[in-house]
Each structure stands twice: as C-alpha cells, then as structure tokens.
file my_file_16.pdb (PDB, C-alpha atoms and all ligand atoms)
ATOM      1  CA  MET A   1       0.000   0.000   0.000
ATOM      2  CA  ASP A   2       1.273   3.532  -0.755
ATOM      3  CA  TYR A   3       2.647   5.558   2.141
ATOM      4  CA  SER A   4       0.188   8.402   1.452
ATOM      5  CA  ARG A   5      -2.743   6.094   2.028
ATOM      6  CA  LYS A   6      -1.266   4.559   5.176
ATOM      7  CA  ILE A   7      -0.409   8.009   6.556
ATOM      8  CA  ALA A   8      -3.872   9.411   5.690
ATOM      9  CA  GLU A   9      -5.517   6.396   7.317
ATOM     10  CA  ARG A  10      -3.576   6.853  10.571
ATOM     11  CA  GLN A  11      -3.896  10.660  10.657
ATOM     12  CA  TRP A  12      -7.643  10.776   9.951
ATOM     13  CA  ASN A  13      -8.403   7.912  12.319
ATOM     14  CA  LEU A  14      -6.976   9.768  15.339
ATOM     15  CA  PRO A  15      -9.797   9.570  17.908
ATOM     16  CA  ASP A  16     -10.524  13.324  18.195
ATOM     17  CA  LYS A  17     -10.408  13.985  14.440
ATOM     18  CA  GLY A  18     -14.164  13.766  13.792
ATOM     19  CA  GLU A  19     -14.953  16.137  16.644
ATOM     20  CA  LEU A  20     -12.295  18.713  15.632
ATOM     21  CA  GLU A  21     -13.253  18.589  11.950
ATOM     22  CA  SER A  22     -16.932  19.119  12.749
ATOM     23  CA  ARG A  23     -16.000  22.342  14.631
ATOM     24  CA  ARG A  24     -13.815  23.952  11.950
ATOM     25  CA  GLU A  25     -16.340  26.606  10.950
ATOM     26  CA  ALA A  26     -16.782  27.601  14.596
ATOM     27  CA  THR A  27     -13.013  28.014  14.850
ATOM     28  CA  TYR A  28     -11.444  29.324  11.624
ATOM     29  CA  ILE A  29     -12.628  32.105   9.304
ATOM     30  CA  ASP A  30     -10.951  30.653   6.198
ATOM     31  CA  ASP A  31     -13.003  27.479   6.740
ATOM     32  CA  ILE A  32     -16.207  29.536   6.961
ATOM     33  CA  ILE A  33     -15.351  31.207   3.623
ATOM     34  CA  GLN A  34     -14.343  27.979   1.940
ATOM     35  CA  LYS A  35     -17.297  25.859   3.062
ATOM     36  CA  ASP A  36     -19.714  28.689   2.269
ATOM     37  CA  HIS A  37     -18.345  28.808  -1.299
ATOM     38  CA  LEU A  38     -18.598  25.006  -1.699
ATOM     39  CA  GLN A  39     -22.139  24.988  -0.320
ATOM     40  CA  ARG A  40     -23.297  27.740  -2.718
ATOM     41  CA  LYS A  41     -21.749  25.966  -5.696
ATOM     42  CA  LEU A  42     -23.318  22.678  -4.610
ATOM     43  CA  LEU A  43     -26.796  24.146  -4.170
ATOM     44  CA  GLU A  44     -26.547  25.730  -7.643
ATOM     45  CA  ASN A  45     -25.901  22.305  -9.157
ATOM     46  CA  LEU A  46     -28.623  20.125  -7.655
ATOM     47  CA  ASP A  47     -31.165  20.218 -10.475
ATOM     48  CA  GLY A  48     -32.161  16.644 -11.334
ATOM     49  CA  ILE A  49     -29.739  15.166  -8.756
ATOM     50  CA  LYS A  50     -31.187  12.284  -6.721
ATOM     51  CA  THR A  51     -28.128  10.218  -5.824
ATOM     52  CA  VAL A  52     -24.748  11.483  -4.619
ATOM     53  CA  PHE A  53     -21.398   9.879  -3.812
ATOM     54  CA  ASP A  54     -19.418  11.962  -1.283
ATOM     55  CA  GLY A  55     -15.785  10.779  -1.324
ATOM     56  CA  GLY A  56     -13.839  11.726   1.802
ATOM     57  CA  ALA A  57     -17.084  12.952   3.330
ATOM     58  CA  GLY A  58     -15.589  13.552   6.776
ATOM     59  CA  SER A  59     -17.938  14.564   9.565
ATOM     60  CA  GLY A  60     -20.775  15.031   7.078
ATOM     61  CA  ARG A  61     -20.640  18.756   6.334
ATOM     62  CA  PHE A  62     -21.991  18.149   2.819
ATOM     63  CA  SER A  63     -23.461  14.636   2.965
ATOM     64  CA  ILE A  64     -25.898  15.736   5.687
ATOM     65  CA  LEU A  65     -26.781  18.933   3.802
ATOM     66  CA  LEU A  66     -27.514  16.896   0.664
ATOM     67  CA  ALA A  67     -29.611  14.389   2.610
ATOM     68  CA  LYS A  68     -31.587  17.326   4.037
ATOM     69  CA  MET A  69     -32.154  18.472   0.443
ATOM     70  CA  GLY A  70     -33.737  15.066  -0.270
ATOM     71  CA  CYS A  71     -30.803  13.303  -1.987
ATOM     72  CA  ARG A  72     -29.726   9.731  -1.285
ATOM     73  CA  VAL A  73     -26.076   9.956  -0.304
ATOM     74  CA  THR A  74     -23.239   7.465  -0.057
ATOM     75  CA  HIS A  75     -20.929   8.871   2.619
ATOM     76  CA  TYR A  76     -17.523   7.312   1.887
ATOM     77  CA  ASP A  77     -14.461   7.903   4.077
ATOM     78  CA  ILE A  78     -11.230   6.229   5.140
ATOM     79  CA  SER A  79     -11.745   7.157   8.796
ATOM     80  CA  GLN A  80     -14.032   5.436  11.278
ATOM     81  CA  SER A  81     -13.818   8.361  13.718
ATOM     82  CA  MET A  82     -15.044  10.743  10.995
ATOM     83  CA  ILE A  83     -17.848   8.344  10.071
ATOM     84  CA  ASP A  84     -18.894   7.965  13.719
ATOM     85  CA  LYS A  85     -19.117  11.765  14.098
ATOM     86  CA  ALA A  86     -21.054  12.050  10.823
ATOM     87  CA  LYS A  87     -23.516   9.356  12.003
ATOM     88  CA  GLU A  88     -24.090  11.251  15.242
ATOM     89  CA  LEU A  89     -24.734  14.526  13.351
ATOM     90  CA  ALA A  90     -26.942  12.809  10.748
ATOM     91  CA  GLU A  91     -29.034  11.351  13.530
ATOM     92  CA  LYS A  92     -29.449  14.785  15.123
ATOM     93  CA  ALA A  93     -30.495  16.169  11.728
ATOM     94  CA  GLY A  94     -32.965  13.280  11.285
ATOM     95  CA  VAL A  95     -31.550  12.161   7.923
ATOM     96  CA  THR A  96     -29.814   8.861   8.754
ATOM     97  CA  GLU A  97     -32.113   6.820   6.526
ATOM     98  CA  ARG A  98     -31.029   8.771   3.445
ATOM     99  CA  ILE A  99     -27.299   8.229   4.041
ATOM    100  CA  THR A 100     -25.293   5.032   3.506
ATOM    101  CA  PHE A 101     -22.033   5.151   5.455
ATOM    102  CA  VAL A 102     -19.128   3.254   3.917
ATOM    103  CA  LYS A 103     -15.585   2.996   5.261
ATOM    104  CA  GLY A 104     -13.150   2.868   2.381
ATOM    105  CA  ALA A 105     -10.305   4.531   0.509
ATOM    106  CA  LEU A 106     -10.725   6.628  -2.625
ATOM    107  CA  GLU A 107      -7.905   4.580  -4.128
ATOM    108  CA  ASP A 108     -10.340   1.676  -4.342
ATOM    109  CA  LEU A 109     -13.683   2.436  -5.954
ATOM    110  CA  SER A 110     -13.724  -0.702  -8.130
ATOM    111  CA  HIS A 111     -16.831  -2.047  -6.335
ATOM    112  CA  TYR A 112     -18.947   0.798  -7.792
ATOM    113  CA  ALA A 113     -20.258   0.341 -11.334
ATOM    114  CA  ASP A 114     -19.833   3.010 -14.025
ATOM    115  CA  ARG A 115     -22.281   5.932 -13.703
ATOM    116  CA  SER A 116     -23.656   4.774 -10.348
ATOM    117  CA  PHE A 117     -24.401   8.271  -8.967
ATOM    118  CA  ASP A 118     -26.011  11.385 -10.478
ATOM    119  CA  LEU A 119     -23.442  13.568  -8.733
ATOM    120  CA  VAL A 120     -20.002  12.772  -7.347
ATOM    121  CA  ILE A 121     -18.377  15.191  -4.890
ATOM    122  CA  SER A 122     -15.152  15.179  -2.907
ATOM    123  CA  PHE A 123     -14.552  18.371  -0.966
ATOM    124  CA  ASP A 124     -11.661  19.839   0.966
ATOM    125  CA  ALA A 125      -8.786  17.899  -0.521
ATOM    126  CA  PRO A 126      -9.309  14.124  -0.016
ATOM    127  CA  ILE A 127      -7.998  13.560  -3.578
ATOM    128  CA  SER A 128      -4.781  15.411  -2.731
ATOM    129  CA  TYR A 129      -4.082  12.832  -0.009
ATOM    130  CA  THR A 130      -4.080   9.962  -2.509
ATOM    131  CA  TYR A 131      -0.645  10.784  -4.018
ATOM    132  CA  PRO A 132       0.742   9.200  -6.228
ATOM    133  CA  ASN A 133      -2.695   7.972  -7.373
ATOM    134  CA  GLN A 134      -4.461  11.339  -7.603
ATOM    135  CA  GLU A 135      -5.015  11.268 -11.397
ATOM    136  CA  ARG A 136      -6.327   7.720 -11.367
ATOM    137  CA  VAL A 137      -8.615   8.580  -8.412
ATOM    138  CA  ILE A 138     -10.072  11.530 -10.368
ATOM    139  CA  GLY A 139     -10.648   9.121 -13.286
ATOM    140  CA  GLU A 140     -12.466   6.704 -10.981
ATOM    141  CA  LEU A 141     -14.640   9.488  -9.535
ATOM    142  CA  VAL A 142     -15.545  10.570 -13.091
ATOM    143  CA  ARG A 143     -16.280   6.937 -14.020
ATOM    144  CA  ILE A 144     -18.884   6.467 -11.275
ATOM    145  CA  ALA A 145     -20.585   9.842 -12.001
ATOM    146  CA  ARG A 146     -23.624  10.007 -14.296
ATOM    147  CA  LYS A 147     -24.268  13.747 -14.596
ATOM    148  CA  LYS A 148     -21.843  15.938 -12.693
ATOM    149  CA  ILE A 149     -18.643  15.938 -10.726
ATOM    150  CA  MET A 150     -17.538  18.572  -8.199
ATOM    151  CA  PHE A 151     -14.412  18.357  -6.108
ATOM    152  CA  SER A 152     -11.872  20.544  -4.392
ATOM    153  CA  VAL A 153      -8.196  19.676  -4.150
ATOM    154  CA  SER A 154      -5.178  21.382  -2.616
ATOM    155  CA  SER A 155      -4.090  24.314  -4.738
ATOM    156  CA  ARG A 156      -0.405  24.738  -5.561
ATOM    157  CA  LEU A 157      -0.582  28.493  -6.183
ATOM    158  CA  GLY A 158      -2.748  28.881  -3.086
ATOM    159  CA  SER A 159      -0.341  26.833  -0.935
ATOM    160  CA  LEU A 160       3.001  28.308  -2.043
ATOM    161  CA  PRO A 161       2.563  31.562  -0.053
ATOM    162  CA  TYR A 162       2.373  29.415   3.138
ATOM    163  CA  LEU A 163       6.044  28.596   2.626
ATOM    164  CA  CYS A 164       6.823  32.244   3.347
ATOM    165  CA  ASN A 165       4.210  32.656   6.078
ATOM    166  CA  PRO A 166       4.460  30.261   9.031
ATOM    167  CA  ILE A 167       1.765  32.255  10.873
ATOM    168  CA  GLN A 168      -0.811  32.250   8.042
ATOM    169  CA  LYS A 169      -3.419  30.408  10.134
ATOM    170  CA  ASN A 170      -3.319  33.113  12.854
ATOM    171  CA  GLN A 171      -5.036  35.499  10.406
ATOM    172  CA  PHE A 172      -8.102  33.246  10.403
ATOM    173  CA  ILE A 173      -8.565  32.376  14.082
ATOM    174  CA  LEU A 174     -12.078  33.397  15.039
ATOM    175  CA  ASP A 175     -11.539  33.395  18.802
ATOM    176  CA  GLU A 176      -8.020  33.368  20.227
ATOM    177  CA  GLU A 177      -9.417  32.066  23.547
ATOM    178  CA  SER A 178     -10.813  28.937  21.875
ATOM    179  CA  ASP A 179      -9.821  25.573  23.409
ATOM    180  CA  ASP A 180      -9.066  24.127  19.961
ATOM    181  CA  PRO A 181      -5.555  22.593  20.254
ATOM    182  CA  PHE A 182      -4.320  24.079  16.973
ATOM    183  CA  VAL A 183      -5.558  27.571  17.905
ATOM    184  CA  LEU A 184      -3.652  27.230  21.168
ATOM    185  CA  TRP A 185      -0.538  26.114  19.281
ATOM    186  CA  CYS A 186      -0.775  29.004  16.764
ATOM    187  CA  VAL A 187      -1.226  31.633  19.470
ATOM    188  CA  THR A 188       1.514  30.257  21.747
ATOM    189  CA  ASN A 189       4.083  29.786  18.993
ATOM    190  CA  ARG A 190       3.419  32.921  16.943
ATOM    191  CA  ASP A 191       6.478  34.939  18.018
ATOM    192  CA  LYS A 192       8.806  31.950  17.902
ATOM    193  CA  MET A 193       7.643  31.113  14.360
ATOM    194  CA  VAL A 194       8.393  34.676  13.209
ATOM    195  CA  SER A 195      11.749  35.130  14.954
ATOM    196  CA  GLY A 196      12.990  31.693  13.858
ATOM    197  CA  PHE A 197      11.802  32.031  10.258
ATOM    198  CA  ARG A 198      14.088  31.646   7.243
ATOM    199  CA  PHE A 199      12.725  31.547   3.708
ATOM    200  CA  ASP A 200      13.804  28.294   2.065
ATOM    201  CA  LYS A 201      13.885  29.251  -1.608
ATOM    202  CA  GLN A 202      15.068  25.798  -2.682
ATOM    203  CA  ASN A 203      12.094  24.143  -1.000
ATOM    204  CA  ALA A 204       9.675  26.716  -2.476
ATOM    205  CA  GLU A 205      11.079  26.010  -5.937
ATOM    206  CA  ARG A 206      10.775  22.276  -5.405
ATOM    207  CA  VAL A 207       7.119  22.524  -4.314
ATOM    208  CA  ALA A 208       6.432  24.867  -7.256
ATOM    209  CA  SER A 209       7.754  22.160  -9.607
ATOM    210  CA  ASP A 210       6.632  18.856  -8.082
ATOM    211  CA  GLY A 211       3.584  20.053  -6.122
ATOM    212  CA  LEU A 212       4.340  17.861  -3.110
ATOM    213  CA  LEU A 213       3.902  19.050   0.468
ATOM    214  CA  GLY A 214       5.564  16.450   2.652
ATOM    215  CA  GLY A 215       7.562  13.352   1.788
ATOM    216  CA  GLN A 216      10.413  11.421   3.395
ATOM    217  CA  GLN A 217      10.119  13.200   6.765
ATOM    218  CA  GLU A 218       6.449  12.134   7.061
ATOM    219  CA  ILE A 219       7.319   8.572   5.991
ATOM    220  CA  ASP A 220      10.045   8.388   8.677
ATOM    221  CA  GLU A 221       7.655   9.740  11.319
ATOM    222  CA  TYR A 222       5.027   7.193  10.278
ATOM    223  CA  GLU A 223       7.586   4.387  10.536
ATOM    224  CA  ARG A 224       8.432   5.550  14.071
ATOM    225  CA  GLY A 225       4.760   5.068  14.968
ATOM    226  CA  GLY A 226       3.718   8.728  14.707
ATOM    227  CA  ALA A 227       0.736  10.227  12.906
ATOM    228  CA  PRO A 228       2.229  12.899  10.615
ATOM    229  CA  TRP A 229       0.182  15.247   8.454
ATOM    230  CA  CYS A 230      -0.757  13.665   5.116
ATOM    231  CA  ILE A 231       1.590  13.850   2.134
ATOM    232  CA  THR A 232      -0.383  16.309   0.025
ATOM    233  CA  TYR A 233      -0.317  16.723  -3.748
ATOM    234  CA  THR A 234      -1.137  20.286  -4.808
ATOM    235  CA  PHE A 235      -2.601  20.914  -8.266
ATOM    236  CA  LEU A 236      -2.176  23.771 -10.719
ATOM    237  CA  PRO A 237      -5.418  25.029 -12.334
ATOM    238  CA  ASP A 238      -4.356  24.240 -15.928
ATOM    239  CA  GLU A 239      -3.106  20.798 -14.866
ATOM    240  CA  LEU A 240      -6.452  19.993 -13.247
ATOM    241  CA  GLU A 241      -8.367  21.230 -16.271
ATOM    242  CA  LYS A 242      -6.295  18.998 -18.603
ATOM    243  CA  ILE A 243      -6.803  15.934 -16.383
ATOM    244  CA  LEU A 244     -10.579  16.470 -16.417
ATOM    245  CA  GLN A 245     -10.635  17.073 -20.187
ATOM    246  CA  GLY A 246      -8.640  13.857 -20.605
ATOM    247  CA  TYR A 247     -11.447  11.977 -18.820
ATOM    248  CA  GLY A 248     -14.049  13.598 -21.107
ATOM    249  CA  VAL A 249     -15.489  16.040 -18.540
ATOM    250  CA  ARG A 250     -17.216  19.032 -20.194
ATOM    251  CA  ASN A 251     -18.070  22.603 -19.169
ATOM    252  CA  ILE A 252     -15.325  22.680 -16.572
ATOM    253  CA  GLN A 253     -15.419  25.619 -14.152
ATOM    254  CA  LEU A 254     -12.567  26.262 -11.733
ATOM    255  CA  SER A 255     -12.595  28.582  -8.759
ATOM    256  CA  GLY A 256     -10.408  29.403  -5.769
ATOM    257  CA  PRO A 257     -12.388  29.802  -2.549
ATOM    258  CA  GLY A 258     -10.513  32.139  -0.205
ATOM    259  CA  ALA A 259      -8.714  34.414  -2.692
ATOM    260  CA  TYR A 260     -10.505  37.583  -1.515
ATOM    261  CA  GLY A 261     -10.428  36.676   2.189
ATOM    262  CA  ARG A 262      -6.674  36.054   2.315
ATOM    263  CA  THR A 263      -6.008  39.735   1.522
ATOM    264  CA  ILE A 264      -7.810  40.959   4.664
ATOM    265  CA  PRO A 265      -6.244  41.433   8.126
ATOM    266  CA  ARG A 266      -7.568  39.386  11.045
ATOM    267  CA  ASP A 267      -9.014  42.324  13.006
ATOM    268  CA  ILE A 268     -11.271  43.197  10.067
ATOM    269  CA  LEU A 269     -12.216  39.562   9.379
ATOM    270  CA  VAL A 270     -13.258  39.056  13.009
ATOM    271  CA  ARG A 271     -15.400  42.229  12.899
ATOM    272  CA  LEU A 272     -17.092  40.985   9.735
ATOM    273  CA  MET A 273     -17.797  37.544  11.204
ATOM    274  CA  ASN A 274     -19.336  39.046  14.345
ATOM    275  CA  ASP A 275     -21.874  41.186  12.472
ATOM    276  CA  PRO A 276     -24.481  38.947  10.763
ATOM    277  CA  GLU A 277     -25.429  41.495   8.085
ATOM    278  CA  GLN A 278     -21.807  42.334   7.223
ATOM    279  CA  LYS A 279     -20.910  38.642   7.295
ATOM    280  CA  LYS A 280     -23.581  37.869   4.711
ATOM    281  CA  ASP A 281     -22.542  40.744   2.405
ATOM    282  CA  PHE A 282     -18.899  39.766   2.742
ATOM    283  CA  LEU A 283     -19.523  36.073   1.968
ATOM    284  CA  ASP A 284     -21.731  37.045  -1.021
ATOM    285  CA  PHE A 285     -18.896  39.136  -2.382
ATOM    286  CA  CYS A 286     -16.197  36.525  -1.641
ATOM    287  CA  TYR A 287     -18.224  34.029  -3.668
ATOM    288  CA  ARG A 288     -18.398  36.416  -6.597
ATOM    289  CA  PHE A 289     -14.699  37.349  -6.471
ATOM    290  CA  ASP A 290     -13.394  33.816  -5.828
ATOM    291  CA  SER A 291     -15.457  32.395  -8.727
ATOM    292  CA  ASN A 292     -13.565  34.556 -11.214
ATOM    293  CA  PRO A 293     -11.386  32.122 -13.215
ATOM    294  CA  TYR A 294      -8.529  34.658 -13.332
ATOM    295  CA  VAL A 295      -8.064  34.500  -9.551
ATOM    296  CA  CYS A 296      -8.827  30.798  -9.205
ATOM    297  CA  GLY A 297      -5.198  29.777  -8.725
ATOM    298  CA  MET A 298      -4.807  32.167  -5.820
ATOM    299  CA  GLY A 299      -7.510  30.880  -3.502
ATOM    300  CA  LYS A 300      -6.341  29.488  -0.186
ATOM    301  CA  ASP A 301      -5.745  25.768   0.165
ATOM    302  CA  ASN A 302      -8.431  24.673  -2.220
ATOM    303  CA  LEU A 303      -8.985  24.702  -5.935
ATOM    304  CA  LEU A 304     -12.569  23.793  -6.829
ATOM    305  CA  ALA A 305     -13.538  22.067 -10.080
ATOM    306  CA  VAL A 306     -17.081  21.548 -11.392
ATOM    307  CA  GLY A 307     -17.805  19.678 -14.600
ATOM    308  CA  GLU A 308     -20.402  17.712 -16.554
ATOM    309  CA  ILE A 309     -20.057  14.111 -17.631
TER     310      ILE A 309
HETATM  311  C1  LIG B   1     -10.558  17.885   5.314
HETATM  312  S1  LIG B   1     -11.621  16.508   5.490
HETATM  313  C2  LIG B   1     -12.968  16.996   4.429
HETATM  314  C3  LIG B   1     -14.292  16.428   4.853
HETATM  315  C4  LIG B   1     -15.504  16.881   4.043
HETATM  316  N1  LIG B   1     -15.382  16.493   2.644
HETATM  317  C5  LIG B   1     -15.725  18.383   4.159
HETATM  318  O1  LIG B   1     -15.527  19.089   3.172
HETATM  319  O2  LIG B   1     -16.090  18.834   5.246
HETATM  320  C6  LIG B   1     -10.826  15.259   4.507
HETATM  321  C7  LIG B   1     -11.487  13.897   4.618
HETATM  322  O3  LIG B   1     -10.916  13.017   3.651
HETATM  323  C8  LIG B   1     -10.791  11.731   4.236
HETATM  324  N2  LIG B   1      -9.735  11.020   3.491
HETATM  325  C9  LIG B   1      -8.417  11.289   3.481
HETATM  326  N3  LIG B   1      -7.775  10.440   2.655
HETATM  327  C10 LIG B   1      -8.720   9.610   2.140
HETATM  328  C11 LIG B   1      -8.688   8.530   1.235
HETATM  329  N4  LIG B   1      -7.555   8.121   0.705
HETATM  330  N5  LIG B   1      -9.858   7.899   0.942
HETATM  331  C12 LIG B   1     -11.022   8.297   1.501
HETATM  332  N6  LIG B   1     -11.114   9.328   2.366
HETATM  333  C13 LIG B   1      -9.977   9.985   2.676
HETATM  334  C14 LIG B   1     -10.440  12.008   5.686
HETATM  335  O4  LIG B   1     -10.726  10.914   6.518
HETATM  336  C15 LIG B   1     -11.300  13.234   5.967
HETATM  337  O5  LIG B   1     -12.555  12.860   6.477
END
call {"tool": "encode", "arguments": {"input": "my_file_16.pdb", "output": "structure tokens"}}
result
Amino acid sequence: MDYSRKIAERQWNLPDKGELESRREATYIDDIIQKDHLQRKLLENLDGIKTVFDGGAGSGRFSILLAKMGCRVTHYDISQSMIDKAKELAEKAGVTERITFVKGALEDLSHYADRSFDLVISFDAPISYTYPNQERVIGELVRIARKKIMFSVSSRLGSLPYLCNPIQKNQFILDEESDDPFVLWCVTNRDKMVSGFRFDKQNAERVASDGLLGGQQEIDEYERGGAPWCITYTFLPDELEKILQGYGVRNIQLSGPGAYGRTIPRDILVRLMNDPEQKKDFLDFCYRFDSNPYVCGMGKDNLLAVGEI
C-alpha cells in the first residue's frame, strides 16, 4: 500500500479527528469562507440530482446537507472516527435513513459500477491525499458519475505563499481564547515562528515544480509510529483542467475559494464575522470574487472544479 494512504488512514483515524473537523467553521474564518463557497456551488448544481457519492465525506458537512435536500447519499471515508461523528450529526439532523455510510479509501472504488451516482463530490482535498494515485482517483470518480462531478483539491498556487508565512493560520482564528488545540498552538508559537523564520527558496522552488507538500520526513515519522500530516499533492489550475478534459469532462469551471479573504487582516475579518449582516454581504462578495477564473489559482488551500459528464 502507498505511504500516502497509510499516513492518511492513521492521521484521519486519530480519535478526536471527527470532533475537531466538525467544529472547523466555529473556529477558523478561512473554513467559513471555503465551506460557504462550496455549499453555494453545490446548491446551484442540484437540479435533477437524486443520488450522490461523497468521497472523503468527513464529519458530514456536505453529505448531511444533501440528505436534508432530499438526496440519497453514499458517505464514503477512510476514517471510522469521521464516520462515527457524521452518524451522530446525521441522527441529530434526522436524515440517517437517506445516508449510507461506507468505510473505504478513494484509491479503491472498483466495487462501484460506471455511472452509479447522479453527482459525485469530494470536498476539501481528499484527492490530494491519494498521491501518487491522484489522477487515477479523479478518473475513478468521473467513471462512477452520471451527470456531474464537483471536487476541491489542494491548490499549488494557493499553498506556495504558506512557505513564506508560518503564521498564516493566525489570520483566520475566530476566537483566540478557543480551546481548539491548533488555535492554542498558533497563538503560543506565533512569536517563535516569526523570529525563527528563514525563507527556504530551494524548498519553495521544489514545491512549485513537483507540487508535493511532505515526503520522506512524514514517511520516517510514520515508521516511528507517529501520525504525521498527510503527504499532500497540490494541483495547478491548468493541470487539473487537462486531467478532467482527458477523462471527457465538459463545461469545466474552476474557482479558488478564499482568494478575496486572504487579503484581509484578522481584526477586520473578526469584525465581519461578528456582524451577521456584514458577514452575509462579505460572503456574497467573496463568492463572486473567488469564482472569477482569473483569480482561481490564488484561492487558499483549495482549488474547486465543477464539470459535466
Ligand atoms: C478535510 S476533510 C474533508 C471532509 C468533508 N469532505 C468536508 O468538506 O467537510 C478530509 C477527509 O478526507 C478523508 N480522506 C483522506 N484520505 C482519504 C482517502 N484516501 N480515501 C477516503 N477518504 C480519505 C479524511 O478521513 C477526511 O474525512
């Protein structure tokens, strides 16, 4: 089995993962912007959609929404702790009977027949964790889709600025007093990260060319019994478009959720999030700006692709 898959399996099966993932939008502003964009795009594309496959469905952010909209959803994920959280939330939402929960890896979709689902989605980067199989996985997701495919992957142009900004997540912390462990880490280590920072041009150039975040260090940590962050393949917009065209996908639209939001300082973002009217106007405008194909490479982590089969 590939290291990426083994690492993803261990990382996403950590016991608190489902709980933390389900709280992201209560914790980080970039997650609010991103998930809001994905939700709008999804709701715009539901005409005639009765069955959905959600690959890497996590704690059910979108599978539960789709079930509430009346769709029958296959919630597919490599992590039992994510599935358990999603089941709990689906039960609360009263939609369990419209969701089939399946534990499995995106690398293996052979048990699904061609064109099994009206819509296939995979949001917030699960495909990027399937390196070196990411192209084949996209092909498999296209194969099982009947009408449409929508997925978001890690964006190379969106990720490269992180390499010169070790405190990028601080900009998006909603409440610095939150008990979220990563918020605590970001706040505590902020000054140390700045004073100890050195720009590694060689590494930036390597990531710009091969698109890989992580590698041998993560493999070594895994072998020592640790649970490192997933080896992540980041895509370029034109690369993603060509892959989809190669699989016969038509009317491809790309967008970069987060491009507008990343330009705004934290103090202003927090003000916007705490005023419901301003929050709505801001998210409306982010959606409009971030959907412009000329800024799509510069969204934050994610590059979103929508296409027809
Ligand atoms: C960032 S979460 C996104 C969850 C959900 N799609 C959302 O947008 O809220 C990524 C999810 O992908 C799952 N995942 C990672 N690698 C996977 C793989 N190889 N096969 C299936 N699921 C995977 C993880 O378990 C996790 O639930």
call {"tool": "closest_residue", "arguments": {"input": "my_file_16.pdb", "among": "A:Asn302, A:Ser291, A:Ser255, A:Asn274", "to": "ligand LIG 1 (chain B)", "atoms": "only C-alpha atoms and all ligand atoms"}}
result
A:Asn302
call {"tool": "closest_residue", "arguments": {"input": "my_file_16.pdb", "among": "A:Asp301, A:Asp179, A:Glu9, A:Asp108", "to": "Ala227 (chain A)", "atoms": "only C-alpha atoms"}}
result
A:Glu9
call {"tool": "resolve_selection", "arguments": {"input": "my_file_16.pdb", "expression": "the PyMOL selection byres (((chain A and resi 297) around 10) and not hetatm)", "output": "list in words"}}
result
Ser155, Arg156, Leu157, Gly158, Ser159, Phe235, Leu236, Pro237, Asp238, Leu254, Ser255, Gly256, Pro257, Ala259, Asp290, Asn292, Pro293, Tyr294, Val295, Cys296, Met298, Gly299, Lys300, Asp301, Asn302, Leu303 and Leu304 of chain A
call {"tool": "atom_distance", "arguments": {"input": "my_file_16.pdb", "atom1": "CA of Ser116 (chain A)", "atom2": "atom N6 of ligand LIG 1 (chain B)"}}
result
18.4 Å
call {"tool": "resolve_selection", "arguments": {"input": "my_file_16.pdb", "expression": "the PyMOL selection byres (((chain A and resi 279) around 12) and not hetatm)", "output": "NGL selection string"}}
result
:A and (29 or 32-33 or 36 or 261 or 268-278 or 280-286)
call {"tool": "resolve_selection", "arguments": {"input": "my_file_16.pdb", "expression": "the PyMOL selection byres (((chain A and resi 197-211) around 10) and not hetatm)", "output": "list in words"}}
result
Ser154, Ser155, Arg156, Leu157, Ser159, Leu160, Pro161, Tyr162, Leu163, Cys164, Asn165, Pro166, Asp191, Lys192, Met193, Val194, Ser195, Gly196, Leu212, Leu213, Gly214, Thr232, Tyr233, Thr234, Phe235 and Leu236 of chain A
call {"tool": "axis_aligned_box", "arguments": {"input": "my_file_16.pdb", "around": "region 249-255 of chain A", "padding_each_side": "8 Å", "output": "AutoDock Vina command-line options"}}
result
--center_x -15.3 --center_y 22.3 --center_z -14.5 --size_x 21.5 --size_y 28.5 --size_z 27.4
call {"tool": "residues_around", "arguments": {"input": "my_file_16.pdb", "residues": "Gly18 (chain A)", "least_positions_apart": "3", "cutoff": "6 Å", "atoms": "only C-alpha atoms", "output": "ChimeraX atom specification"}}
result
/A:21,59,81-82,85
call {"tool": "closest_residue", "arguments": {"input": "my_file_16.pdb", "among": "A:Trp229, A:Phe289, A:Tyr260, A:Tyr112", "to": "Asp30 (chain A)", "atoms": "all atoms listed in the file"}}
result
A:Tyr260
call {"tool": "residues_around", "arguments": {"input": "my_file_16.pdb", "residues": "Gly226 (chain A)", "least_positions_apart": "3", "cutoff": "12 Å", "atoms": "all atoms listed in the file", "output": "VMD selection string"}}
result
chain A and resid 6 to 8 10 to 11 14 217 to 223 229 to 230
call {"tool": "closest_residue", "arguments": {"input": "my_file_16.pdb", "among": "A:His111, A:Lys17, A:Arg143, A:Lys41", "to": "Gly248 (chain A)", "atoms": "only C-alpha atoms"}}
result
A:Arg143
call {"tool": "closest_residue", "arguments": {"input": "my_file_16.pdb", "among": "A:Val52, A:Leu141, A:Ala125, A:Ile83", "to": "Gln34 (chain A)", "atoms": "only C-alpha atoms"}}
result
A:Ala125
call {"tool": "decode", "arguments": {"input": "my_file_16.pdb", "residues": "region 122-140 of chain A", "atoms": "C-alpha atoms", "output": "CSV table (one decimal), in the first residue's frame"}}
result
chain,number,residue,atom,x,y,z
A,122,SER,CA,-15.2,15.2,-2.9
A,123,PHE,CA,-14.6,18.4,-1.0
A,124,ASP,CA,-11.7,19.8,1.0
A,125,ALA,CA,-8.8,17.9,-0.5
A,126,PRO,CA,-9.3,14.1,0.0
A,127,ILE,CA,-8.0,13.6,-3.6
A,128,SER,CA,-4.8,15.4,-2.7
A,129,TYR,CA,-4.1,12.8,0.0
A,130,THR,CA,-4.1,10.0,-2.5
A,131,TYR,CA,-0.6,10.8,-4.0
A,132,PRO,CA,0.7,9.2,-6.2
A,133,ASN,CA,-2.7,8.0,-7.4
A,134,GLN,CA,-4.5,11.3,-7.6
A,135,GLU,CA,-5.0,11.3,-11.4
A,136,ARG,CA,-6.3,7.7,-11.4
A,137,VAL,CA,-8.6,8.6,-8.4
A,138,ILE,CA,-10.1,11.5,-10.4
A,139,GLY,CA,-10.6,9.1,-13.3
A,140,GLU,CA,-12.5,6.7,-11.0
